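Okay, upload25.cif is below, mmCIF, C-alpha atoms and all ligand atoms; chains and numbers go by the auth columns:
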data_model
loop_
_atom_site.group_PDB
_atom_site.id
_atom_site.type_symbol
_atom_site.label_atom_id
_atom_site.label_comp_id
_atom_site.label_asym_id
_atom_site.label_seq_id
_atom_site.Cartn_x
_atom_site.Cartn_y
_atom_site.Cartn_z
_atom_site.B_iso_or_equiv
_atom_site.auth_seq_id
_atom_site.auth_asym_id
ATOM 1 C CA MET A 1 31.678 -112.188 51.097 0.00 1 A
ATOM 2 C CA VAL A 2 28.386 -111.167 52.733 0.00 2 A
ATOM 3 C CA GLU A 3 25.936 -114.020 52.224 0.00 3 A
ATOM 4 C CA GLY A 4 23.245 -113.349 49.653 0.00 4 A
ATOM 5 C CA TYR A 5 24.983 -110.189 48.458 0.00 5 A
ATOM 6 C CA MET A 6 25.938 -110.118 44.795 0.00 6 A
ATOM 7 C CA SER A 7 27.973 -107.137 43.704 0.00 7 A
ATOM 8 C CA THR A 8 27.391 -105.933 40.170 0.00 8 A
ATOM 9 C CA GLU A 9 30.857 -104.403 40.181 0.00 9 A
ATOM 10 C CA THR A 10 33.775 -106.322 38.708 0.00 10 A
ATOM 11 C CA ILE A 11 36.270 -106.679 41.532 0.00 11 A
ATOM 12 C CA ALA A 12 39.875 -107.905 41.264 0.00 12 A
ATOM 13 C CA VAL A 13 42.787 -108.237 43.628 0.00 13 A
ATOM 14 C CA TYR A 14 46.453 -107.658 42.735 0.00 14 A
ATOM 15 C CA PRO A 15 48.534 -109.314 45.470 0.00 15 A
ATOM 16 C CA GLY A 16 52.284 -108.986 45.862 0.00 16 A
ATOM 17 C CA SER A 17 55.188 -108.192 48.120 0.00 17 A
ATOM 18 C CA PHE A 18 55.717 -104.724 46.595 0.00 18 A
ATOM 19 C CA ASP A 19 59.003 -104.412 48.530 0.00 19 A
ATOM 20 C CA PRO A 20 59.096 -101.726 47.167 0.00 20 A
ATOM 21 C CA VAL A 21 56.610 -100.881 44.396 0.00 21 A
ATOM 22 C CA THR A 22 58.439 -100.510 41.055 0.00 22 A
ATOM 23 C CA ARG A 23 57.592 -98.888 37.736 0.00 23 A
ATOM 24 C CA GLY A 24 56.709 -102.414 36.552 0.00 24 A
ATOM 25 C CA HIS A 25 54.056 -102.813 39.275 0.00 25 A
ATOM 26 C CA LEU A 26 52.689 -99.335 38.542 0.00 26 A
ATOM 27 C CA GLU A 27 52.257 -100.176 34.879 0.00 27 A
ATOM 28 C CA ILE A 28 50.320 -103.338 35.759 0.00 28 A
ATOM 29 C CA ILE A 29 48.109 -101.388 38.200 0.00 29 A
ATOM 30 C CA GLU A 30 47.372 -98.724 35.602 0.00 30 A
ATOM 31 C CA ARG A 31 46.420 -101.296 32.980 0.00 31 A
ATOM 32 C CA ALA A 32 44.492 -103.588 35.346 0.00 32 A
ATOM 33 C CA ARG A 33 42.319 -100.823 36.756 0.00 33 A
ATOM 34 C CA ASP A 34 41.007 -100.240 33.236 0.00 34 A
ATOM 35 C CA LEU A 35 39.697 -103.813 33.203 0.00 35 A
ATOM 36 C CA PHE A 36 37.827 -103.783 36.524 0.00 36 A
ATOM 37 C CA ASP A 37 35.523 -101.476 38.494 0.00 37 A
ATOM 38 C CA VAL A 38 37.555 -102.037 41.651 0.00 38 A
ATOM 39 C CA LEU A 39 41.195 -103.150 41.924 0.00 39 A
ATOM 40 C CA HIS A 40 42.389 -104.065 45.409 0.00 40 A
ATOM 41 C CA VAL A 41 46.172 -103.793 45.613 0.00 41 A
ATOM 42 C CA ALA A 42 47.111 -106.182 48.416 0.00 42 A
ATOM 43 C CA VAL A 43 50.436 -106.188 50.235 0.00 43 A
ATOM 44 C CA VAL A 44 51.315 -109.702 51.318 0.00 44 A
ATOM 45 C CA ALA A 45 52.581 -109.647 54.899 0.00 45 A
ATOM 46 C CA ASN A 46 54.497 -112.891 54.994 0.00 46 A
ATOM 47 C CA PRO A 47 56.029 -113.307 58.465 0.00 47 A
ATOM 48 C CA SER A 48 58.587 -115.834 57.168 0.00 48 A
ATOM 49 C CA LYS A 49 59.851 -113.470 54.461 0.00 49 A
ATOM 50 C CA GLU A 50 62.277 -110.761 55.512 0.00 50 A
ATOM 51 C CA CYS A 51 61.274 -107.480 53.874 0.00 51 A
ATOM 52 C CA LEU A 52 63.111 -104.169 53.592 0.00 52 A
ATOM 53 C CA PHE A 53 59.925 -102.148 54.097 0.00 53 A
ATOM 54 C CA SER A 54 57.198 -102.877 56.647 0.00 54 A
ATOM 55 C CA SER A 55 53.682 -103.610 55.357 0.00 55 A
ATOM 56 C CA GLU A 56 52.607 -100.112 56.411 0.00 56 A
ATOM 57 C CA GLU A 57 55.532 -98.514 54.545 0.00 57 A
ATOM 58 C CA ARG A 58 54.828 -100.603 51.440 0.00 58 A
ATOM 59 C CA LEU A 59 51.161 -99.592 51.559 0.00 59 A
ATOM 60 C CA ASP A 60 52.025 -95.906 52.021 0.00 60 A
ATOM 61 C CA LEU A 61 54.366 -95.998 49.013 0.00 61 A
ATOM 62 C CA LEU A 62 51.702 -97.728 46.918 0.00 62 A
ATOM 63 C CA ARG A 63 49.107 -95.136 47.915 0.00 63 A
ATOM 64 C CA THR A 64 51.292 -92.126 47.139 0.00 64 A
ATOM 65 C CA GLU A 65 52.902 -93.480 43.956 0.00 65 A
ATOM 66 C CA THR A 66 49.590 -94.545 42.387 0.00 66 A
ATOM 67 C CA ALA A 67 47.921 -91.198 43.109 0.00 67 A
ATOM 68 C CA ALA A 68 48.860 -89.747 39.723 0.00 68 A
ATOM 69 C CA LEU A 69 48.113 -92.870 37.657 0.00 69 A
ATOM 70 C CA GLY A 70 45.556 -92.870 34.891 0.00 70 A
ATOM 71 C CA GLY A 71 42.864 -95.503 34.496 0.00 71 A
ATOM 72 C CA ARG A 72 39.200 -96.048 35.098 0.00 72 A
ATOM 73 C CA GLY A 73 38.567 -98.366 38.049 0.00 73 A
ATOM 74 C CA ARG A 74 38.717 -97.483 41.733 0.00 74 A
ATOM 75 C CA LEU A 75 41.897 -98.431 43.601 0.00 75 A
ATOM 76 C CA GLU A 76 41.759 -99.816 47.140 0.00 76 A
ATOM 77 C CA PHE A 77 44.717 -100.841 49.288 0.00 77 A
ATOM 78 C CA THR A 78 45.042 -103.534 51.893 0.00 78 A
ATOM 79 C CA ALA A 79 47.651 -105.639 53.701 0.00 79 A
ATOM 80 C CA PHE A 80 46.988 -109.294 54.406 0.00 80 A
ATOM 81 C CA GLU A 81 48.416 -112.486 55.818 0.00 81 A
ATOM 82 C CA GLY A 82 47.229 -115.858 54.626 0.00 82 A
ATOM 83 C CA LEU A 83 45.931 -117.233 51.373 0.00 83 A
ATOM 84 C CA THR A 84 44.980 -115.120 48.387 0.00 84 A
ATOM 85 C CA VAL A 85 41.762 -117.156 47.989 0.00 85 A
ATOM 86 C CA GLN A 86 40.727 -116.154 51.511 0.00 86 A
ATOM 87 C CA LEU A 87 41.424 -112.510 50.791 0.00 87 A
ATOM 88 C CA ALA A 88 39.584 -112.637 47.454 0.00 88 A
ATOM 89 C CA ASP A 89 36.583 -114.191 49.197 0.00 89 A
ATOM 90 C CA LYS A 90 36.593 -111.485 51.878 0.00 90 A
ATOM 91 C CA LEU A 91 36.808 -108.718 49.265 0.00 91 A
ATOM 92 C CA GLY A 92 34.261 -110.285 46.935 0.00 92 A
ATOM 93 C CA ALA A 93 36.906 -110.454 44.170 0.00 93 A
ATOM 94 C CA ARG A 94 36.416 -112.897 41.277 0.00 94 A
ATOM 95 C CA TRP A 95 39.792 -112.216 39.664 0.00 95 A
ATOM 96 C CA ILE A 96 43.435 -112.183 40.712 0.00 96 A
ATOM 97 C CA VAL A 97 45.775 -109.992 38.661 0.00 97 A
ATOM 98 C CA ARG A 98 49.408 -111.043 38.170 0.00 98 A
ATOM 99 C CA GLY A 99 52.112 -109.601 35.950 0.00 99 A
ATOM 100 C CA LEU A 100 54.250 -111.790 33.716 0.00 100 A
ATOM 101 C CA ARG A 101 57.795 -110.813 32.877 0.00 101 A
ATOM 102 C CA SER A 102 59.059 -114.072 31.441 0.00 102 A
ATOM 103 C CA GLY A 103 58.503 -117.770 30.882 0.00 103 A
ATOM 104 C CA ALA A 104 59.938 -118.308 34.364 0.00 104 A
ATOM 105 C CA ASP A 105 57.171 -116.137 35.850 0.00 105 A
ATOM 106 C CA LEU A 106 54.577 -118.137 33.915 0.00 106 A
ATOM 107 C CA ALA A 107 56.013 -121.447 35.120 0.00 107 A
ATOM 108 C CA SER A 108 55.657 -120.429 38.758 0.00 108 A
ATOM 109 C CA GLU A 109 52.369 -118.568 38.325 0.00 109 A
ATOM 110 C CA LEU A 110 50.450 -121.239 36.437 0.00 110 A
ATOM 111 C CA PRO A 111 50.258 -123.819 39.267 0.00 111 A
ATOM 112 C CA MET A 112 49.223 -121.041 41.685 0.00 112 A
ATOM 113 C CA ALA A 113 46.498 -119.859 39.330 0.00 113 A
ATOM 114 C CA LEU A 114 45.143 -123.382 38.877 0.00 114 A
ATOM 115 C CA THR A 115 45.312 -124.120 42.612 0.00 115 A
ATOM 116 C CA ASN A 116 43.502 -120.893 43.487 0.00 116 A
ATOM 117 C CA ARG A 117 40.805 -121.646 40.929 0.00 117 A
ATOM 118 C CA ASP A 118 40.416 -125.112 42.361 0.00 118 A
ATOM 119 C CA CYS A 119 40.286 -123.921 45.976 0.00 119 A
ATOM 120 C CA ALA A 120 37.608 -121.397 45.087 0.00 120 A
ATOM 121 C CA GLU A 121 35.609 -124.022 43.143 0.00 121 A
ATOM 122 C CA GLY A 122 35.972 -122.130 39.867 0.00 122 A
ATOM 123 C CA GLU A 123 34.834 -118.815 41.364 0.00 123 A
ATOM 124 C CA LEU A 124 38.267 -117.200 41.161 0.00 124 A
ATOM 125 C CA ASP A 125 40.303 -116.819 37.991 0.00 125 A
ATOM 126 C CA THR A 126 43.720 -115.294 37.385 0.00 126 A
ATOM 127 C CA VAL A 127 44.261 -112.634 34.756 0.00 127 A
ATOM 128 C CA PHE A 128 47.860 -112.378 33.543 0.00 128 A
ATOM 129 C CA LEU A 129 49.128 -109.121 32.097 0.00 129 A
ATOM 130 C CA PRO A 130 52.403 -109.162 30.184 0.00 130 A
ATOM 131 C CA ALA A 131 55.008 -106.686 31.419 0.00 131 A
ATOM 132 C CA GLY A 132 55.582 -103.741 29.123 0.00 132 A
ATOM 133 C CA PRO A 133 58.829 -103.811 27.105 0.00 133 A
ATOM 134 C CA ALA A 134 60.303 -100.975 29.174 0.00 134 A
ATOM 135 C CA SER A 135 59.776 -102.707 32.510 0.00 135 A
ATOM 136 C CA SER A 136 60.014 -106.434 31.848 0.00 136 A
ATOM 137 C CA TYR A 137 63.470 -106.604 33.489 0.00 137 A
ATOM 138 C CA ILE A 138 62.478 -104.740 36.670 0.00 138 A
ATOM 139 C CA SER A 139 62.111 -106.581 39.959 0.00 139 A
ATOM 140 C CA SER A 140 61.939 -105.365 43.555 0.00 140 A
ATOM 141 C CA SER A 141 64.942 -107.519 44.480 0.00 141 A
ATOM 142 C CA LEU A 142 67.059 -105.871 41.745 0.00 142 A
ATOM 143 C CA VAL A 143 65.900 -102.468 42.989 0.00 143 A
ATOM 144 C CA ARG A 144 66.897 -103.299 46.588 0.00 144 A
ATOM 145 C CA GLU A 145 70.318 -104.509 45.447 0.00 145 A
ATOM 146 C CA ILE A 146 71.016 -101.414 43.356 0.00 146 A
ATOM 147 C CA ALA A 147 69.799 -99.134 46.166 0.00 147 A
ATOM 148 C CA ALA A 148 72.075 -100.850 48.691 0.00 148 A
ATOM 149 C CA ALA A 149 75.040 -100.278 46.358 0.00 149 A
ATOM 150 C CA GLY A 150 74.104 -96.636 45.736 0.00 150 A
ATOM 151 C CA GLY A 151 73.304 -97.130 42.041 0.00 151 A
ATOM 152 C CA ARG A 152 70.955 -95.266 39.718 0.00 152 A
ATOM 153 C CA LEU A 153 67.282 -96.018 40.306 0.00 153 A
ATOM 154 C CA ASP A 154 65.258 -93.513 38.303 0.00 154 A
ATOM 155 C CA THR A 155 64.335 -95.866 35.457 0.00 155 A
ATOM 156 C CA LEU A 156 63.221 -98.563 37.934 0.00 156 A
ATOM 157 C CA VAL A 157 61.192 -96.682 40.543 0.00 157 A
ATOM 158 C CA THR A 158 59.474 -93.332 41.002 0.00 158 A
ATOM 159 C CA GLY A 159 61.083 -90.423 42.867 0.00 159 A
ATOM 160 C CA GLY A 160 59.136 -91.074 46.074 0.00 160 A
ATOM 161 C CA VAL A 161 60.286 -94.710 46.205 0.00 161 A
ATOM 162 C CA GLU A 162 63.867 -93.689 45.424 0.00 162 A
ATOM 163 C CA GLU A 163 63.799 -91.291 48.375 0.00 163 A
ATOM 164 C CA ALA A 164 62.412 -93.993 50.689 0.00 164 A
ATOM 165 C CA LEU A 165 65.161 -96.376 49.532 0.00 165 A
ATOM 166 C CA ARG A 166 67.903 -93.801 50.113 0.00 166 A
ATOM 167 C CA LYS A 167 66.642 -93.354 53.687 0.00 167 A
ATOM 168 C CA LYS A 168 66.848 -97.104 54.262 0.00 168 A
ATOM 169 C CA SER A 169 70.338 -97.500 52.863 0.00 169 A
ATOM 170 C CA PRO A 170 72.145 -94.165 52.893 0.00 170 A
ATOM 171 C CA SER A 171 75.414 -94.464 50.993 0.00 171 A
HETATM 172 P P1 LIG B . 55.494 -111.646 44.704 0.00 201 B
HETATM 173 O O1 LIG B . 56.451 -111.862 45.853 0.00 201 B
HETATM 174 O O2 LIG B . 54.085 -111.988 44.994 0.00 201 B
HETATM 175 O O3 LIG B . 55.958 -112.167 43.357 0.00 201 B
HETATM 176 P P2 LIG B . 56.151 -109.045 43.678 0.00 201 B
HETATM 177 O O4 LIG B . 55.993 -107.718 44.345 0.00 201 B
HETATM 178 O O5 LIG B . 57.532 -109.459 43.319 0.00 201 B
HETATM 179 O O6 LIG B . 55.446 -110.067 44.627 0.00 201 B
HETATM 180 O O7 LIG B . 55.252 -109.114 42.382 0.00 201 B
HETATM 181 C C1 LIG B . 53.868 -108.962 42.435 0.00 201 B
HETATM 182 C C2 LIG B . 53.305 -109.202 41.049 0.00 201 B
HETATM 183 O O8 LIG B . 53.784 -108.218 40.152 0.00 201 B
HETATM 184 C C3 LIG B . 53.691 -110.535 40.433 0.00 201 B
HETATM 185 O O9 LIG B . 52.625 -110.999 39.640 0.00 201 B
HETATM 186 C C4 LIG B . 54.883 -110.194 39.555 0.00 201 B
HETATM 187 O O10 LIG B . 55.047 -111.101 38.491 0.00 201 B
HETATM 188 C C5 LIG B . 54.435 -108.837 39.053 0.00 201 B
HETATM 189 N N1 LIG B . 55.557 -108.006 38.658 0.00 201 B
HETATM 190 C C6 LIG B . 56.681 -107.745 39.373 0.00 201 B
HETATM 191 N N2 LIG B . 57.512 -106.945 38.676 0.00 201 B
HETATM 192 C C7 LIG B . 56.909 -106.712 37.476 0.00 201 B
HETATM 193 C C8 LIG B . 57.278 -105.985 36.286 0.00 201 B
HETATM 194 N N3 LIG B . 58.431 -105.357 36.172 0.00 201 B
HETATM 195 N N4 LIG B . 56.403 -105.965 35.262 0.00 201 B
HETATM 196 C C9 LIG B . 55.240 -106.639 35.347 0.00 201 B
HETATM 197 N N5 LIG B . 54.832 -107.354 36.421 0.00 201 B
HETATM 198 C C10 LIG B . 55.654 -107.383 37.478 0.00 201 B
#
As structure tokens - that is how I would like this structure written.
Ligand code: ADP
Amino acid sequence: MVEGYMSTETIAVYPGSFDPVTRGHLEIIERARDLFDVLHVAVVANPSKECLFSSEERLDLLRTETAALGGRGRLEFTAFEGLTVQLADKLGARWIVRGLRSGADLASELPMALTNRDCAEGELDTVFLPAGPASSYISSSLVREIAAAGGRLDTLVTGGVEEALRKKSPS
């Protein structure tokens, strides 16, 4: 963050792999942008994790598929490598947004939330949003599996994402 500069805007970051963005992610984005003035959707470019879509492709899908979403706050998009605390600091974000689908999500998210808060000396908190009932079973890995097998995807992802998946694994 620029030294001495204090934004009056509430700024949050929603980090994830988004490989690819699902209807579950879109619901979280739509709800989270109502809570903050600016929501940075951040694609994690993890070199050790093999992804189906490149960071650029994941960002493009996020940009196009969020274009028609409702909600109040401004959406920004970025790709990053490294720690979420470093990204949040760079963006001036005080909150991390994460979606919770289950107790298993909570169990893995809680230590991360506490560690991030610690690393940022209390200046960074995590806001958890529960998945909606219609999307609590959706995950990007399930979507990739179904796409590879040529299964039905319309309840899991938007049309644009379905098309991108079909191009990756034509069946
Ligand atoms: P990561 O590899 O960081 O978990 P994901 O793209 O799988 O990246 O998920 C990013 C965030 O979105 C996580 O907080 C995850 O719990 C949340 N999320 C994923 N799928 C859903 C869903 N169907 N409903 C609500 N939240 C979700």
Counting all atoms listed in the file, which residues of chain A fall within 10 Å of ligand LIG 201 (chain B), and what is the closest atom pair for each with its distance in Å at one decimal, ordered by chain and rising number, as a Markdown table?
| residue | atom | partner | partner_atom | distance |
| --- | --- | --- | --- | --- |
| A:Tyr14 | CA | B:LIG201 | C2 | 7.2 |
| A:Pro15 | CA | B:LIG201 | C1 | 6.1 |
| A:Gly16 | CA | B:LIG201 | O6 | 3.6 |
| A:Ser17 | CA | B:LIG201 | O4 | 3.9 |
| A:Phe18 | CA | B:LIG201 | O4 | 3.8 |
| A:Asp19 | CA | B:LIG201 | O4 | 6.1 |
| A:Pro20 | CA | B:LIG201 | O4 | 7.3 |
| A:Val21 | CA | B:LIG201 | O4 | 6.9 |
| A:Thr22 | CA | B:LIG201 | N3 | 6.9 |
| A:Arg23 | CA | B:LIG201 | N3 | 6.7 |
| A:Gly24 | CA | B:LIG201 | N3 | 3.4 |
| A:His25 | CA | B:LIG201 | C7 | 5.2 |
| A:Leu26 | CA | B:LIG201 | N4 | 8.3 |
| A:Glu27 | CA | B:LIG201 | N4 | 7.1 |
| A:Ile28 | CA | B:LIG201 | C9 | 5.9 |
| A:Ile29 | CA | B:LIG201 | O8 | 9.1 |
| A:Val41 | CA | B:LIG201 | C1 | 9.8 |
| A:Ala42 | CA | B:LIG201 | C1 | 9.4 |
| A:Val43 | CA | B:LIG201 | O4 | 8.2 |
| A:Val44 | CA | B:LIG201 | O2 | 7.3 |
| A:Asn46 | CA | B:LIG201 | O1 | 9.4 |
| A:Lys49 | CA | B:LIG201 | O1 | 9.4 |
| A:Ile96 | CA | B:LIG201 | O9 | 9.3 |
| A:Val97 | CA | B:LIG201 | O9 | 7.0 |
| A:Arg98 | CA | B:LIG201 | O9 | 3.5 |
| A:Gly99 | CA | B:LIG201 | N5 | 3.6 |
| A:Leu100 | CA | B:LIG201 | O10 | 4.9 |
| A:Arg101 | CA | B:LIG201 | C9 | 5.5 |
| A:Ser102 | CA | B:LIG201 | O10 | 8.6 |
| A:Ala104 | CA | B:LIG201 | O10 | 9.6 |
| A:Asp105 | CA | B:LIG201 | O10 | 6.1 |
| A:Leu106 | CA | B:LIG201 | O10 | 8.4 |
| A:Ser108 | CA | B:LIG201 | O10 | 9.4 |
| A:Glu109 | CA | B:LIG201 | O9 | 7.7 |
| A:Val127 | CA | B:LIG201 | O9 | 9.8 |
| A:Phe128 | CA | B:LIG201 | O9 | 7.9 |
| A:Leu129 | CA | B:LIG201 | C9 | 7.4 |
| A:Pro130 | CA | B:LIG201 | C9 | 6.4 |
| A:Ala131 | CA | B:LIG201 | C9 | 3.9 |
| A:Gly132 | CA | B:LIG201 | N4 | 6.6 |
| A:Pro133 | CA | B:LIG201 | N4 | 8.8 |
| A:Ala134 | CA | B:LIG201 | N3 | 8.5 |
| A:Ser135 | CA | B:LIG201 | N3 | 4.7 |
| A:Ser136 | CA | B:LIG201 | N3 | 4.7 |
| A:Tyr137 | CA | B:LIG201 | N3 | 5.8 |
| A:Ile138 | CA | B:LIG201 | N3 | 4.1 |
| A:Ser139 | CA | B:LIG201 | N2 | 4.8 |
| A:Ser140 | CA | B:LIG201 | O5 | 6.0 |
| A:Ser141 | CA | B:LIG201 | O5 | 7.7 |
| A:Leu156 | CA | B:LIG201 | N3 | 8.5 |
### Query
Counting all atoms listed in the file, which of A:Glu57, A:Gly122, A:Asp89, A:Thr155 gets nearest to Lys168 of chain A?
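Of A:Glu57, A:Gly122, A:Asp89, A:Thr155, the one nearest Lys168 of chain A is A:Glu57, counting all atoms listed in the file.
Here atom CA of Arg74 of chain A and atom CA of Thr10 of chain A stand 10.6 Å from one another.
In this model, the gap between atom CA of Cys51 of chain A and atom CA of Gln86 of chain A comes to 22.4 Å.
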Could you work out an axis-aligned bounding box for all listed atoms of segment 107-115 of chain A, with 8 Å added on each of the six sides, and give its centre and edge lengths in Å to one decimal, as lines of an AutoDock Vina configuration file?
center_x = 50.6
center_y = -121.3
center_z = 38.9
size_x = 26.9
size_y = 21.6
size_z = 23.5
#### Entry: atom CA of Leu69 of chain A to atom CA of Lys167 of chain A, straight-line distance in Å
24.5 Å
### Task
Between A:Thr8, A:Leu52, A:Asp125, A:Ala68, single out the one closest to Val143 of chain A, counting all atoms listed in the file.
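With all atoms listed in the file as the atom set, the closest residue is A:Leu52.
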### Message
From the options A:Ile11, A:Thr158, A:Ala107, A:Ala149, which residue's atoms come nearest to Ala67 of chain A, counting only C-alpha atoms?
### Response
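Looking only at the distances to Ala67 of chain A, the closest residue turns out to be A:Thr158.
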### Task
Given the file shown, enumerate the residues that the PyMOL selection byres (((chain A and resi 117) around 12) and not hetatm) captures and present them as a PyMOL selection string.
chain A and resi 84-86+88-89+94-96+110-116+118-127
Just write segment 12-77 of chain A with C-alpha atoms, as a PDB file, in the first residue's frame, taken from the block above.
ATOM      1  CA  ALA A  12     -11.552  -6.974  -0.369  1.00  0.00           C
ATOM      2  CA  VAL A  13      -9.788  -9.677  -2.310  1.00  0.00           C
ATOM      3  CA  TYR A  14     -11.321 -13.005  -3.383  1.00  0.00           C
ATOM      4  CA  PRO A  15      -8.424 -15.329  -4.251  1.00  0.00           C
ATOM      5  CA  GLY A  16      -8.765 -18.735  -5.867  1.00  0.00           C
ATOM      6  CA  SER A  17      -7.701 -21.070  -8.620  1.00  0.00           C
ATOM      7  CA  PHE A  18     -10.916 -20.539 -10.622  1.00  0.00           C
ATOM      8  CA  ASP A  19      -9.908 -23.412 -12.939  1.00  0.00           C
ATOM      9  CA  PRO A  20     -12.509 -22.714 -14.292  1.00  0.00           C
ATOM     10  CA  VAL A  21     -14.943 -20.273 -12.651  1.00  0.00           C
ATOM     11  CA  THR A  22     -18.155 -22.093 -11.645  1.00  0.00           C
ATOM     12  CA  ARG A  23     -21.679 -20.982 -10.803  1.00  0.00           C
ATOM     13  CA  GLY A  24     -20.633 -21.373  -7.147  1.00  0.00           C
ATOM     14  CA  HIS A  25     -17.812 -18.824  -7.538  1.00  0.00           C
ATOM     15  CA  LEU A  26     -20.130 -16.450  -9.408  1.00  0.00           C
ATOM     16  CA  GLU A  27     -22.656 -16.553  -6.594  1.00  0.00           C
ATOM     17  CA  ILE A  28     -19.958 -15.698  -4.042  1.00  0.00           C
ATOM     18  CA  ILE A  29     -18.703 -12.820  -6.230  1.00  0.00           C
ATOM     19  CA  GLU A  30     -22.208 -11.425  -6.628  1.00  0.00           C
ATOM     20  CA  ARG A  31     -22.864 -11.534  -2.893  1.00  0.00           C
ATOM     21  CA  ALA A  32     -19.406 -10.308  -1.842  1.00  0.00           C
ATOM     22  CA  ARG A  33     -19.453  -7.267  -4.101  1.00  0.00           C
ATOM     23  CA  ASP A  34     -22.520  -6.068  -2.201  1.00  0.00           C
ATOM     24  CA  LEU A  35     -20.438  -5.997   0.983  1.00  0.00           C
ATOM     25  CA  PHE A  36     -17.454  -4.008  -0.309  1.00  0.00           C
ATOM     26  CA  ASP A  37     -16.771  -0.957  -2.484  1.00  0.00           C
ATOM     27  CA  VAL A  38     -14.111  -2.851  -4.419  1.00  0.00           C
ATOM     28  CA  LEU A  39     -13.755  -6.629  -4.820  1.00  0.00           C
ATOM     29  CA  HIS A  40     -10.522  -7.828  -6.407  1.00  0.00           C
ATOM     30  CA  VAL A  41     -10.993 -11.295  -7.885  1.00  0.00           C
ATOM     31  CA  ALA A  42      -7.494 -12.777  -7.875  1.00  0.00           C
ATOM     32  CA  VAL A  43      -6.414 -15.798  -9.894  1.00  0.00           C
ATOM     33  CA  VAL A  44      -3.723 -17.700  -8.041  1.00  0.00           C
ATOM     34  CA  ALA A  45      -0.946 -18.645 -10.454  1.00  0.00           C
ATOM     35  CA  ASN A  46       0.644 -21.502  -8.580  1.00  0.00           C
ATOM     36  CA  PRO A  47       3.550 -22.858 -10.648  1.00  0.00           C
ATOM     37  CA  SER A  48       3.511 -26.177  -8.754  1.00  0.00           C
ATOM     38  CA  LYS A  49      -0.182 -26.776  -9.470  1.00  0.00           C
ATOM     39  CA  GLU A  50      -1.096 -28.115 -12.890  1.00  0.00           C
ATOM     40  CA  CYS A  51      -4.105 -26.207 -14.217  1.00  0.00           C
ATOM     41  CA  LEU A  52      -6.374 -26.880 -17.186  1.00  0.00           C
ATOM     42  CA  PHE A  53      -6.637 -23.185 -18.059  1.00  0.00           C
ATOM     43  CA  SER A  54      -3.770 -20.684 -18.074  1.00  0.00           C
ATOM     44  CA  SER A  55      -3.984 -17.690 -15.719  1.00  0.00           C
ATOM     45  CA  GLU A  56      -4.868 -15.469 -18.684  1.00  0.00           C
ATOM     46  CA  GLU A  57      -7.664 -17.829 -19.780  1.00  0.00           C
ATOM     47  CA  ARG A  58      -9.016 -18.045 -16.226  1.00  0.00           C
ATOM     48  CA  LEU A  59      -8.988 -14.249 -15.956  1.00  0.00           C
ATOM     49  CA  ASP A  60     -10.717 -13.835 -19.330  1.00  0.00           C
ATOM     50  CA  LEU A  61     -13.469 -16.268 -18.307  1.00  0.00           C
ATOM     51  CA  LEU A  62     -13.921 -14.454 -14.993  1.00  0.00           C
ATOM     52  CA  ARG A  63     -14.162 -11.098 -16.761  1.00  0.00           C
ATOM     53  CA  THR A  64     -16.724 -12.230 -19.329  1.00  0.00           C
ATOM     54  CA  GLU A  65     -18.840 -14.395 -17.007  1.00  0.00           C
ATOM     55  CA  THR A  66     -19.133 -11.718 -14.303  1.00  0.00           C
ATOM     56  CA  ALA A  67     -20.133  -9.008 -16.785  1.00  0.00           C
ATOM     57  CA  ALA A  68     -23.852  -9.641 -16.319  1.00  0.00           C
ATOM     58  CA  LEU A  69     -23.776 -10.087 -12.527  1.00  0.00           C
ATOM     59  CA  GLY A  70     -25.737  -7.854 -10.214  1.00  0.00           C
ATOM     60  CA  GLY A  71     -24.286  -6.197  -7.134  1.00  0.00           C
ATOM     61  CA  ARG A  72     -23.013  -2.878  -5.928  1.00  0.00           C
ATOM     62  CA  GLY A  73     -19.224  -2.844  -5.575  1.00  0.00           C
ATOM     63  CA  ARG A  74     -16.666  -2.460  -8.347  1.00  0.00           C
ATOM     64  CA  LEU A  75     -15.015  -5.648  -9.618  1.00  0.00           C
ATOM     65  CA  GLU A  76     -11.309  -5.739 -10.465  1.00  0.00           C
ATOM     66  CA  PHE A  77      -9.356  -8.724 -11.764  1.00  0.00           C
TER      67      PHE A  77
END
